[in-house]
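Next up, model.tsv (TSV, C-alpha atoms):
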chain	number	residue	atom	x	y	z
W	1	MET	CA	144.86	219.06	48.52
W	2	SER	CA	141.88	217.67	46.69
W	3	LEU	CA	140.60	214.12	46.98
W	4	PHE	CA	141.74	213.56	43.38
W	5	GLU	CA	145.26	214.73	44.22
W	6	SER	CA	145.45	212.48	47.29
W	7	ARG	CA	144.32	209.52	45.13
W	8	CYS	CA	147.08	210.34	42.65
W	9	LEU	CA	149.60	210.46	45.48
W	10	LYS	CA	148.44	207.06	46.77
W	11	ALA	CA	148.76	205.64	43.27
W	12	THR	CA	152.24	207.07	42.69
W	13	ASP	CA	154.79	204.35	43.27
W	14	SER	CA	157.93	206.44	43.57
W	15	TYR	CA	161.29	206.01	45.23
W	16	LYS	CA	161.14	209.71	46.11
W	17	PRO	CA	159.44	210.44	49.44
W	18	THR	CA	156.59	212.92	49.67
W	19	VAL	CA	157.50	216.26	51.23
W	20	VAL	CA	154.92	218.31	53.13
W	21	VAL	CA	155.87	221.95	53.83
W	22	GLY	CA	153.83	224.50	55.77
W	23	TYR	CA	153.93	228.28	55.22
W	24	THR	CA	152.39	231.29	56.95
W	25	ASP	CA	151.74	234.94	56.23
W	26	ALA	CA	154.19	237.63	57.38
W	27	VAL	CA	152.30	238.69	60.51
W	28	GLY	CA	153.83	237.60	63.84
W	29	SER	CA	157.25	236.55	65.04
W	30	SER	CA	159.49	234.19	63.11
W	31	GLY	CA	159.36	231.61	65.92
W	32	TYR	CA	155.56	231.65	66.07
W	33	ASN	CA	155.25	231.38	62.30
W	34	GLN	CA	157.79	228.56	62.14
W	35	ASP	CA	155.72	226.60	64.67
W	36	LEU	CA	152.43	227.45	62.91
W	37	GLY	CA	153.82	226.29	59.55
W	38	GLN	CA	154.95	223.04	61.18
W	39	ARG	CA	151.48	222.47	62.65
W	40	ARG	CA	149.91	223.09	59.24
W	41	ALA	CA	152.25	220.63	57.55
W	42	SER	CA	151.67	217.99	60.24
W	43	THR	CA	147.89	218.37	59.90
W	44	VAL	CA	148.08	217.81	56.15
W	45	ALA	CA	150.41	214.82	56.61
W	46	ARG	CA	147.93	213.25	59.07
W	47	ALA	CA	145.08	213.89	56.62
W	48	LEU	CA	147.05	212.15	53.86
W	49	VAL	CA	147.52	209.10	56.07
W	50	GLU	CA	143.80	209.14	56.95
W	51	VAL	CA	142.85	208.96	53.26
W	52	GLY	CA	145.20	206.02	52.71
W	53	VAL	CA	148.60	207.42	51.75
W	54	SER	CA	151.19	205.11	53.28
W	55	VAL	CA	153.14	206.53	56.20
W	56	ASP	CA	156.26	205.19	54.44
W	57	GLN	CA	155.55	207.48	51.48
W	58	ILE	CA	155.70	210.61	53.61
W	59	GLY	CA	159.23	211.81	54.06
W	60	ASP	CA	159.98	215.30	55.32
W	61	ILE	CA	157.32	217.30	57.17
W	62	SER	CA	158.64	220.80	57.70
W	63	SER	CA	157.89	224.50	57.96
W	64	ARG	CA	159.17	227.50	56.05
W	65	GLY	CA	157.17	229.81	58.33
W	66	LYS	CA	157.05	233.29	56.88
W	67	THR	CA	159.95	232.75	54.49
W	68	ASP	CA	159.23	232.14	50.80
W	69	LEU	CA	156.08	234.25	50.69
W	70	LEU	CA	154.00	233.90	47.52
W	71	ILE	CA	152.95	237.54	47.83
W	72	ALA	CA	155.76	239.75	49.21
W	73	VAL	CA	153.83	241.84	51.73
W	74	THR	CA	154.08	242.38	55.49
W	75	THR	CA	150.32	242.05	56.01
W	76	ALA	CA	148.04	239.10	56.58
W	77	GLU	CA	147.87	237.92	52.95
W	78	ARG	CA	145.79	234.72	52.89
W	79	ARG	CA	147.54	233.28	49.83
W	80	ASN	CA	150.76	233.04	51.84
W	81	ARG	CA	149.04	230.65	54.29
W	82	ARG	CA	149.48	227.32	52.57
W	83	VAL	CA	150.90	223.82	52.61
W	84	THR	CA	152.68	222.28	49.65
W	85	VAL	CA	152.85	218.56	49.01
W	86	GLY	CA	155.22	217.15	46.45
W	87	LEU	CA	157.84	214.56	45.69
W	88	ALA	CA	161.22	215.40	47.17
W	89	ASP	CA	164.01	216.36	44.87
W	90	ILE	CA	166.70	213.89	45.71
W	91	LEU	CA	169.34	215.27	47.99
W	92	ALA	CA	168.87	218.97	48.41
W	93	ALA	CA	172.43	218.86	49.63
W	94	CYS	CA	174.71	215.87	49.62
W	95	ARG	CA	177.45	215.16	52.13
W	96	SER	CA	178.14	211.66	50.82
W	97	TYR	CA	176.43	209.37	48.37
W	98	ARG	CA	176.68	206.66	51.04
W	99	ASP	CA	174.19	208.60	53.19
W	100	PHE	CA	171.46	208.23	50.59
W	101	ALA	CA	169.18	205.22	51.00
W	102	LEU	CA	168.27	203.72	47.65
W	103	SER	CA	167.17	200.11	47.48
W	104	GLU	CA	167.28	197.64	44.62
W	105	SER	CA	163.49	197.91	44.36
W	106	ALA	CA	163.96	201.51	43.18
W	107	VAL	CA	165.58	200.37	39.93
W	108	GLY	CA	163.09	200.86	37.14
W	109	ASP	CA	161.93	203.23	34.43
W	110	GLU	CA	161.42	206.23	36.74
W	111	LEU	CA	164.96	205.93	38.10
W	112	GLN	CA	166.42	205.55	34.59
W	113	THR	CA	164.51	208.61	33.38
W	114	ASP	CA	165.74	210.62	36.36
W	115	LEU	CA	169.35	209.53	35.74
W	116	THR	CA	169.07	210.43	32.05
W	117	ALA	CA	167.74	213.91	32.85
W	118	ARG	CA	170.56	214.49	35.33
W	119	LEU	CA	173.12	213.36	32.76
W	120	GLN	CA	171.72	215.76	30.16
W	121	VAL	CA	171.98	218.68	32.61
W	122	ALA	CA	175.53	217.70	33.60
W	123	VAL	CA	176.68	217.40	29.97
W	124	ALA	CA	175.10	220.73	29.03
W	125	GLN	CA	176.65	222.49	32.03
W	126	TYR	CA	180.04	220.87	31.42
W	127	ASP	CA	180.01	221.97	27.78
W	128	GLN	CA	178.90	225.49	28.67
W	129	LEU	CA	181.57	225.86	31.36
W	130	THR	CA	184.22	224.38	29.04
W	131	ASN	CA	183.34	226.89	26.31
W	132	SER	CA	183.41	229.80	28.77
W	133	GLY	CA	186.80	228.77	30.15
W	134	ARG	CA	185.48	228.59	33.71
W	135	ASN	CA	186.98	225.67	35.60
W	136	GLY	CA	185.89	226.27	39.19
W	137	PRO	CA	183.76	224.08	41.47
W	138	ALA	CA	180.78	224.02	39.09
W	139	PHE	CA	183.01	222.73	36.28
W	140	GLN	CA	184.40	220.01	38.55
W	141	MET	CA	180.94	218.98	39.75
W	142	ALA	CA	179.57	218.97	36.18
W	143	GLY	CA	182.38	216.62	35.20
W	144	ALA	CA	181.72	214.36	38.20
W	145	ALA	CA	177.96	214.29	37.54
W	146	ARG	CA	178.56	213.59	33.84
W	147	GLU	CA	180.76	210.62	34.72
W	148	ASP	CA	178.64	209.21	37.57
W	149	CYS	CA	175.28	209.60	35.81
W	150	GLY	CA	176.69	208.17	32.57
W	151	LYS	CA	177.95	205.08	34.38
W	152	ALA	CA	174.67	204.64	36.26
W	153	ILE	CA	172.64	204.78	33.04
W	154	GLY	CA	174.88	202.24	31.32
W	155	LEU	CA	174.69	199.62	34.06
W	156	ASP	CA	172.23	196.73	33.94
W	157	ALA	CA	169.17	197.06	36.18
W	158	GLY	CA	170.20	193.94	38.11
W	159	SER	CA	173.67	195.23	38.91
W	160	ILE	CA	174.48	196.27	42.47
W	161	ARG	CA	176.75	198.87	40.90
W	162	LYS	CA	173.64	200.49	39.35
W	163	ILE	CA	172.48	201.53	42.83
W	164	GLU	CA	175.95	202.76	43.82
W	165	TYR	CA	176.38	204.89	40.71
W	166	ALA	CA	172.78	206.17	40.92
W	167	LYS	CA	173.59	207.42	44.42
W	168	ARG	CA	176.81	208.99	43.13
W	169	CYS	CA	174.86	210.62	40.29
W	170	PHE	CA	172.31	212.15	42.69
W	171	CYS	CA	175.06	213.42	44.96
W	172	SER	CA	177.14	214.91	42.15
W	173	SER	CA	174.03	216.52	40.67
W	174	ALA	CA	173.13	218.09	44.02
W	175	ARG	CA	176.66	219.40	44.39
W	176	LEU	CA	176.54	220.78	40.84
W	177	ASP	CA	173.31	222.65	41.65
W	178	ALA	CA	174.88	224.10	44.80
W	179	ALA	CA	178.03	225.14	42.92
W	180	LEU	CA	175.98	226.82	40.17
W	181	ALA	CA	173.98	228.75	42.77
W	182	GLN	CA	177.13	230.39	44.15
Kindly transcribe the structure held in the file into structure tokens.
Amino acid sequence: MSLFESRCLKATDSYKPTVVVGYTDAVGSSGYNQDLGQRRASTVARALVEVGVSVDQIGDISSRGKTDLLIAVTTAERRNRRVTVGLADILAACRSYRDFALSESAVGDELQTDLTARLQVAVAQYDQLTNSGRNGPAFQMAGAAREDCGKAIGLDAGSIRKIEYAKRCFCSSARLDAALAQ
């Protein structure tokens, strides 16, 4: 990560935590590579803190080891040895919207834009699934996301219900993504 990129990260006031993920090449055991990827990610996270990124901004620090190779080879390909730093996509999987921490301070333009984008995806998926006659889990989750995200967008920024429906929107969207992947 360049100094410019770390400055941008410090300047980004986001409700989404930063995720740091370490990767390795394909040489060595899975266990060793998992640990090596974790060490890489932890080193980058410490470096971010040293240049002034708030510890509170750093969320998940994890390893993908030798999974998700950039270059699919079984040799020591240097480009597979990397660390990615980015903003977390809200709720990779969602058990309950109540489990998601979202404070009133998160309500703002970025949240509204995110909710609007999720609503657009839900409406498009719902329409597509309706036209195809498919009414399985993806159809149900598209309908739930369409309803939850629509309500969240329509609520006033000062409303406590805004936070509740934003959480519901994120959860329904995550469930829709999982259902579409099946």
Judged by all atoms listed in the file, the minimum distance to Leu48 (chain W) among W:Ala142, W:Ile160, W:Val85, W:Val27 is found for W:Val85
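In this comparison, which uses all atoms listed in the file, the residue of W:Ile163, W:Val73, W:Met141, W:Val83 approaching Ala45 (chain W) most closely is W:Val83.
As for CA of Lys162 (chain W) and CA of Leu111 (chain W), they are spaced 10.3 Å apart.
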In terms of the shortest atom-to-atom distance over only C-alpha atoms, which of W:Ile58, W:Leu180, W:Cys169, W:Leu119 is closest to Pro137 (chain W)? W:Leu180
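The interatomic distance for the pair CA of Tyr32 (chain W) and CA of Glu50 (chain W) works out to 27.0 Å.
Of the listed residues (W:Ala166, W:Ala144, W:Val19, W:Leu129), W:Ala166 comes nearest to Leu115 (chain W); the distances count all atoms listed in the file.
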Around the point (173.2, 218.4, 37.2) (coordinates from the file), which residues reach within 9 Å if we count all atoms listed in the file? Answer as a count of residues only. 21
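If you measure from each of W:Asn131, W:Asp109, W:Ala72, W:Thr18 to Gly59 (chain W) using all atoms listed in the file, the closest one turns out to be W:Thr18.
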Report, in Å to a single decimal, how far apart CA of Asn80 (chain W) and CA of Asp68 (chain W) are. 8.6 Å
